[in-house]
Amino acid sequence: MEEIANLFQGFAVALQPFNIAVMVLGIVLGVIIGVLPGLGGANGVAILLPLTFSMPPTSAIIMLSCIYWGALFGGAITSILFNIPGEPWSVATTFDGYPMAQQGKAAESLTAAFTSSFVGALFAVIMITLVAPLVAGFALRFGPAEKFAVYFLAFCSFVGLSKEPPFKTIAAMMIGFALAAVGLDSITGQLRLTFGSTELLNGFDFLIAVIGLFGLGEIFLTMEEGLRFQGGKAKIDLRVVLRTWMSLPQYWMTSLRSCIIGCWMGVTPAGATPASFMSYGIAKRVSKNGHNFGKGEIEGVIAPETAAHAAGTAALLPMLSLGVPGSPTAAVLLGGLLIWGLQPGPMLFVEQKEFVWGLIASMYLGNLVGLIIVLTCVPIFAAILRVPFSIIAPLILVLCAIGAYSVHNSTFDVVMMLVFGIIGYALKKCNYPLAPLVLAIVLGDKAEEAFRQSLLGSQGSLGIFFSNTLVSSIMILGLIALFWSVIQNGFTRLRTRAAAA
Amino acid sequence: MTTQQSHNAGPSHKSVEAGVTTVIGLFGAIVVYGSVKAGINWGAEGPKAGFFPFYIGLFIIISSLINLWNTLREDDGNLFAEWGQLRQVFSVVIPTGIYVGVLPFIGLYVSSMIFIAWFMRWLGKYDWPIIAAISLGMPIVTYLIFERWFLVPLPKGPLEDLLGL
């Protein structure tokens, strides 16, 4: 098994003292990011990305991916203790986690949440270890038409699977594509959509968009609510951890189901948030304790947390093997690869073995380190939330400005960040999803290049996307994903008609 | 979560959403216009630069029209936000705008100090000693982490020149 050997080499890389240090630092920063309102995984990673410019790429990706794991863990803390989801994917965790905390079972609930997160992530990492090299090997044979088909599939899944109205998803996505098109056209070398402005020559950087849309937009939203934190206290002692761990194996079925849901939703770019809701919903319907869900049932914590973490981790599979990120945070990591001079996609597995396997090994270690850190340091992280928002908000805004500036050392970017912040606030309030917008900015140039190269090969005929079995099956999958809600509606209507007859 | 039940007035969700959708549609129109200027047909080496964004712009216009129609058709009578809430939002947006505007001239450190101090005094009503501690502490920590340890330069102004940093 070549993969196993590679993985062990990866462990050797990840276990270097410097890499262990950045791992711990990343997890701690990540949990803080996950706990604080207005600082999510995606923009947290975006703000801290400039810090890694001077690091070797492997250490840099280990730190950034650990920030991501930390944010995934951190979201659960605020959901359970304060009924405030620190991250959108933790919303489902509040349903049962907060009632448990109110009944004085906060420690059990937190232990269950962290352990489930770890299990979900572990399952997804094992899947990545086994599947990613195969997918990458397969994708090496892709021509431009197949590449475009994969992008097509990714974006169609957004339209079909997101909760927002489909035309709003399409509008948000297309705004992203349009922003990506601004500036120098990579094929003809011609300027477009700059309208004579020199600042727009290089187009819009998606990191600025991420920091503005997710960071500032979120702060503006929070200001509306005028959040006042009512701090609760939490302490986890070893006895509670062990007792909870003893009780967890009986929920193996829920765990396994949530892992699979999470992996599936993570690989398709639907992401962690719908995965956690779906897993919670199914667990509620299937479990024999289903009637007790919402009143503090431990299974109601296990299901969404496992799925969210599995999805968050699985989102890195298409990012690594195909160069198509499965979530906004994965998109930011992909942007990091480009900045460090690495070309994401199947060639990574051939050319940058040490990097890829170091990253995969660090996923195993990072989640283990994360579990230990969150279990032992919950009181400290919970205390952060007791710092009033009027202190945290200006600090986060300043951090966002620093992050936006240091991407290109440009103060114009800081202004753009504020513009994106206002846009993000308006779009979020009007129910437009932001994730497809960001992914479209990241992938816009690549998707366009693949599209135009395919058309060049076929003299402008769209038939190239259905010219062989491989490309047409990916395109048809995409079309099914695009019309998924329509198809589902049709099925339910047929079934009700059959039932009525 | 409403803090002031007595001021239940504000812009309706419908009108704001219609406005946002119209702006998106106009953005689509700008994209189409810019693409036409760049050339949307085939040139010597294949599709011209405006070819792809032209269709993107069309998609934006079409989906905005559908969204606009959906928005105008159904009126749930919800508010976009209460005036009091919007005032709170703007009490952050406007100072952030000023902060971002003066940042290139007086540098990041000085503007951050003023911004944090203002925010804590105005919205948090803190005492000056705490304000001084945080608004001075944060830029100093930032300086150490970014410029000293990670060698990332941040914008400086006249004060830093004076101090010779």
# chains A, B, ... in the order shown; residues from 1 in each chain; ligands from 1
call {"tool": "select_by_dssp", "arguments": {"residues": "range 49-150 of chain B", "states": "helix (DSSP H, G or I)", "output": "number ranges by chain"}}
result
B: 51-73, 83-106, 108-122, 128-149
call {"tool": "residues_around", "arguments": {"residues": "range 65-74 of chain A", "least_positions_apart": "6", "cutoff": "7 Å", "atoms": "only C-alpha atoms", "output": "ChimeraX atom specification"}}
result
/A:23,26-35,41,45,114,117,309,366-367,370
call {"tool": "closest_residue", "arguments": {"among": "A:Thr58, A:Phe220, A:Leu130, A:Cys400", "to": "Ser91 in chain B", "atoms": "only C-alpha atoms"}}
result
A:Phe220
call {"tool": "residues_around", "arguments": {"residues": "Cys259 in chain A", "least_positions_apart": "5", "cutoff": "12 Å", "atoms": "only C-alpha atoms", "output": "MDAnalysis selection string"}}
result
chainID A and resid 116:127 252:254 264:266 272 275:276 278:280 302:314
call {"tool": "select_by_dssp", "arguments": {"residues": "range 36-119 of chain B", "states": "strand (DSSP E)", "output": "tab-separated table (two decimals) with N, CA and C atoms, in the first residue's frame"}}
result
chain	number	residue	atom	x	y	z
B	42	TRP	N	-16.66	36.04	-31.34
B	42	TRP	CA	-15.42	35.29	-31.48
B	42	TRP	C	-14.39	36.13	-32.21
B	43	GLY	N	-13.15	36.09	-31.69
B	43	GLY	CA	-12.06	36.79	-32.35
B	43	GLY	C	-11.11	35.80	-32.98
B	46	GLY	N	-10.38	32.66	-30.59
B	46	GLY	CA	-11.52	32.12	-29.86
B	46	GLY	C	-12.38	33.21	-29.29
B	47	PRO	N	-13.19	32.85	-28.23
B	47	PRO	CA	-14.11	33.82	-27.66
B	47	PRO	C	-13.35	35.05	-27.14
call {"tool": "residues_around", "arguments": {"residues": "Ile391 in chain A", "least_positions_apart": "5", "cutoff": "10 Å", "atoms": "only C-alpha atoms", "output": "PDB file with N, CA and C atoms, in the first residue's frame"}}
result
ATOM      1  N   ILE A 396     -12.445  43.111  16.728  1.00  0.00           N
ATOM      2  CA  ILE A 396     -12.634  42.273  15.538  1.00  0.00           C
ATOM      3  C   ILE A 396     -12.570  43.135  14.278  1.00  0.00           C
TER       4      ILE A 396
ATOM      5  N   ILE B 116     -11.009  52.150  18.605  1.00  0.00           N
ATOM      6  CA  ILE B 116     -11.366  51.291  19.737  1.00  0.00           C
ATOM      7  C   ILE B 116     -11.816  52.154  20.919  1.00  0.00           C
ATOM      8  N   ALA B 117     -11.074  53.230  21.187  1.00  0.00           N
ATOM      9  CA  ALA B 117     -11.424  54.092  22.312  1.00  0.00           C
ATOM     10  C   ALA B 117     -12.809  54.696  22.105  1.00  0.00           C
ATOM     11  N   PHE B 119     -15.266  53.560  20.276  1.00  0.00           N
ATOM     12  CA  PHE B 119     -16.290  52.516  20.331  1.00  0.00           C
ATOM     13  C   PHE B 119     -16.618  52.178  21.784  1.00  0.00           C
ATOM     14  N   MET B 120     -15.574  52.001  22.591  1.00  0.00           N
ATOM     15  CA  MET B 120     -15.798  51.585  23.975  1.00  0.00           C
ATOM     16  C   MET B 120     -16.449  52.705  24.777  1.00  0.00           C
ATOM     17  N   ARG B 121     -16.083  53.965  24.486  1.00  0.00           N
ATOM     18  CA  ARG B 121     -16.635  55.078  25.229  1.00  0.00           C
ATOM     19  C   ARG B 121     -18.083  55.322  24.823  1.00  0.00           C
ATOM     20  N   LEU B 123     -20.327  53.411  22.811  1.00  0.00           N
ATOM     21  CA  LEU B 123     -21.317  52.339  22.864  1.00  0.00           C
ATOM     22  C   LEU B 123     -21.233  51.526  24.150  1.00  0.00           C
ATOM     23  N   GLY B 124     -20.058  51.475  24.748  1.00  0.00           N
ATOM     24  CA  GLY B 124     -19.907  50.638  25.936  1.00  0.00           C
ATOM     25  C   GLY B 124     -19.899  51.421  27.231  1.00  0.00           C
ATOM     26  N   TYR B 126     -17.492  52.809  28.940  1.00  0.00           N
ATOM     27  CA  TYR B 126     -16.480  52.351  29.887  1.00  0.00           C
ATOM     28  C   TYR B 126     -15.724  53.522  30.491  1.00  0.00           C
ATOM     29  N   ILE B 131     -10.436  51.833  28.910  1.00  0.00           N
ATOM     30  CA  ILE B 131     -10.353  52.200  27.499  1.00  0.00           C
ATOM     31  C   ILE B 131      -8.897  52.369  27.094  1.00  0.00           C
ATOM     32  N   ILE B 134      -7.038  48.946  26.790  1.00  0.00           N
ATOM     33  CA  ILE B 134      -7.325  48.116  25.615  1.00  0.00           C
ATOM     34  C   ILE B 134      -6.930  48.816  24.325  1.00  0.00           C
ATOM     35  N   SER B 135      -7.240  50.127  24.222  1.00  0.00           N
ATOM     36  CA  SER B 135      -6.966  50.789  22.945  1.00  0.00           C
ATOM     37  C   SER B 135      -5.466  50.981  22.724  1.00  0.00           C
TER      38      SER B 135
END
call {"tool": "residues_around", "arguments": {"residues": "range 91-108 of chain A", "least_positions_apart": "3", "cutoff": "6 Å", "atoms": "only C-alpha atoms", "output": "NGL selection string"}}
result
:A and (79-80 or 83 or 85 or 88 or 111 or 236 or 244 or 277 or 294-297 or 300-301)
call {"tool": "write_last_selection", "arguments": {"atoms": "N, CA and C atoms", "output": "mmCIF file, in the first residue's frame"}}
result
data_model
loop_
_atom_site.group_PDB
_atom_site.id
_atom_site.type_symbol
_atom_site.label_atom_id
_atom_site.label_comp_id
_atom_site.auth_asym_id
_atom_site.auth_seq_id
_atom_site.Cartn_x
_atom_site.Cartn_y
_atom_site.Cartn_z
ATOM 1 N N SER A 79 -23.105 27.320 21.591
ATOM 2 C CA SER A 79 -24.450 26.796 21.377
ATOM 3 C C SER A 79 -24.982 26.170 22.647
ATOM 4 N N ILE A 80 -24.140 25.374 23.299
ATOM 5 C CA ILE A 80 -24.600 24.614 24.454
ATOM 6 C C ILE A 80 -24.708 25.512 25.685
ATOM 7 N N ASN A 83 -26.786 29.170 24.258
ATOM 8 C CA ASN A 83 -27.854 29.132 23.256
ATOM 9 C C ASN A 83 -27.578 30.100 22.111
ATOM 10 N N PRO A 85 -25.492 30.165 18.728
ATOM 11 C CA PRO A 85 -24.601 29.429 17.849
ATOM 12 C C PRO A 85 -23.465 30.322 17.370
ATOM 13 N N PRO A 88 -22.902 28.986 11.974
ATOM 14 C CA PRO A 88 -24.200 28.507 11.485
ATOM 15 C C PRO A 88 -24.397 26.998 11.637
ATOM 16 N N THR A 111 -19.148 17.272 26.504
ATOM 17 C CA THR A 111 -18.327 16.091 26.239
ATOM 18 C C THR A 111 -18.872 15.332 25.038
ATOM 19 N N ILE A 236 -15.619 20.976 33.129
ATOM 20 C CA ILE A 236 -15.727 19.561 32.823
ATOM 21 C C ILE A 236 -14.692 18.834 33.659
ATOM 22 N N THR A 244 -19.661 10.005 30.454
ATOM 23 C CA THR A 244 -20.331 10.271 29.186
ATOM 24 C C THR A 244 -19.795 9.352 28.101
ATOM 25 N N PHE A 277 -28.388 19.939 10.114
ATOM 26 C CA PHE A 277 -29.854 19.951 10.215
ATOM 27 C C PHE A 277 -30.450 18.636 9.755
ATOM 28 N N GLY A 294 -35.244 17.953 21.592
ATOM 29 C CA GLY A 294 -35.605 19.345 21.831
ATOM 30 C C GLY A 294 -35.755 19.631 23.303
ATOM 31 N N LYS A 295 -35.785 18.563 24.136
ATOM 32 C CA LYS A 295 -35.918 18.777 25.576
ATOM 33 C C LYS A 295 -34.645 18.414 26.301
ATOM 34 N N GLY A 296 -33.565 18.184 25.561
ATOM 35 C CA GLY A 296 -32.311 17.853 26.235
ATOM 36 C C GLY A 296 -31.951 16.393 26.095
ATOM 37 N N GLU A 297 -31.985 15.882 24.869
ATOM 38 C CA GLU A 297 -31.637 14.491 24.612
ATOM 39 C C GLU A 297 -30.206 14.452 24.072
ATOM 40 N N GLY A 300 -29.576 14.131 20.444
ATOM 41 C CA GLY A 300 -29.808 15.338 19.656
ATOM 42 C C GLY A 300 -28.594 16.252 19.610
ATOM 43 N N VAL A 301 -27.613 15.981 20.450
ATOM 44 C CA VAL A 301 -26.350 16.713 20.372
ATOM 45 C C VAL A 301 -25.382 15.945 19.478
#
call {"tool": "residues_around", "arguments": {"residues": "Gly157 in chain B", "least_positions_apart": "2", "cutoff": "7 Å", "atoms": "only C-alpha atoms", "output": "number ranges by chain"}}
result
B: 105-107, 155, 159-161
call {"tool": "residues_around", "arguments": {"residues": "range 62-66 of chain B", "least_positions_apart": "4", "cutoff": "10 Å", "atoms": "only C-alpha atoms", "output": "list of chain:residue names"}}
result
A:Pro166, A:Phe167, A:Lys168, A:Thr169, A:Ile170, A:Ala171, A:Ala172, A:Met174, B:Ala18, B:Val20, B:Thr21, B:Thr22, B:Val23, B:Ile24, B:Gly25, B:Leu26, B:Gly28, B:Ile56, B:Gly57, B:Leu58, B:Asn70, B:Thr71
call {"tool": "write_last_selection", "arguments": {"atoms": "C-alpha atoms", "output": "PDB file, in the first residue's frame"}}
result
ATOM      1  CA  PRO A 166     -33.008  28.969  -6.175  1.00  0.00           C
ATOM      2  CA  PHE A 167     -32.991  32.227  -8.129  1.00  0.00           C
ATOM      3  CA  LYS A 168     -31.427  34.039  -5.198  1.00  0.00           C
ATOM      4  CA  THR A 169     -28.702  31.402  -5.087  1.00  0.00           C
ATOM      5  CA  ILE A 170     -28.165  31.827  -8.831  1.00  0.00           C
ATOM      6  CA  ALA A 171     -28.068  35.622  -8.526  1.00  0.00           C
ATOM      7  CA  ALA A 172     -25.538  35.456  -5.662  1.00  0.00           C
ATOM      8  CA  MET A 174     -23.441  35.027 -10.763  1.00  0.00           C
TER       9      MET A 174
ATOM     10  CA  ALA B  18     -37.072  45.069  -3.875  1.00  0.00           C
ATOM     11  CA  VAL B  20     -31.571  45.287  -3.158  1.00  0.00           C
ATOM     12  CA  THR B  21     -32.840  43.132  -6.027  1.00  0.00           C
ATOM     13  CA  THR B  22     -33.031  46.159  -8.325  1.00  0.00           C
ATOM     14  CA  VAL B  23     -29.463  47.126  -7.446  1.00  0.00           C
ATOM     15  CA  ILE B  24     -28.321  43.576  -8.260  1.00  0.00           C
ATOM     16  CA  GLY B  25     -30.151  43.786 -11.579  1.00  0.00           C
ATOM     17  CA  LEU B  26     -28.434  47.105 -12.355  1.00  0.00           C
ATOM     18  CA  GLY B  28     -25.952  42.818 -14.063  1.00  0.00           C
ATOM     19  CA  ILE B  56     -23.083  35.996 -16.531  1.00  0.00           C
ATOM     20  CA  GLY B  57     -24.554  39.513 -16.693  1.00  0.00           C
ATOM     21  CA  LEU B  58     -27.596  38.221 -18.545  1.00  0.00           C
ATOM     22  CA  ASN B  70     -41.404  37.027  -6.309  1.00  0.00           C
ATOM     23  CA  THR B  71     -40.705  39.831  -3.842  1.00  0.00           C
TER      24      THR B  71
END
call {"tool": "closest_residue", "arguments": {"among": "A:Gly196, A:Ile261, A:Leu434, A:Glu164", "to": "Asn67 in chain B", "atoms": "only C-alpha atoms"}}
result
A:Glu164
call {"tool": "closest_residue", "arguments": {"among": "B:Leu79, B:Leu108, B:Ile30, B:Leu162", "to": "Pro139 in chain B", "atoms": "only C-alpha atoms"}}
result
B:Leu108
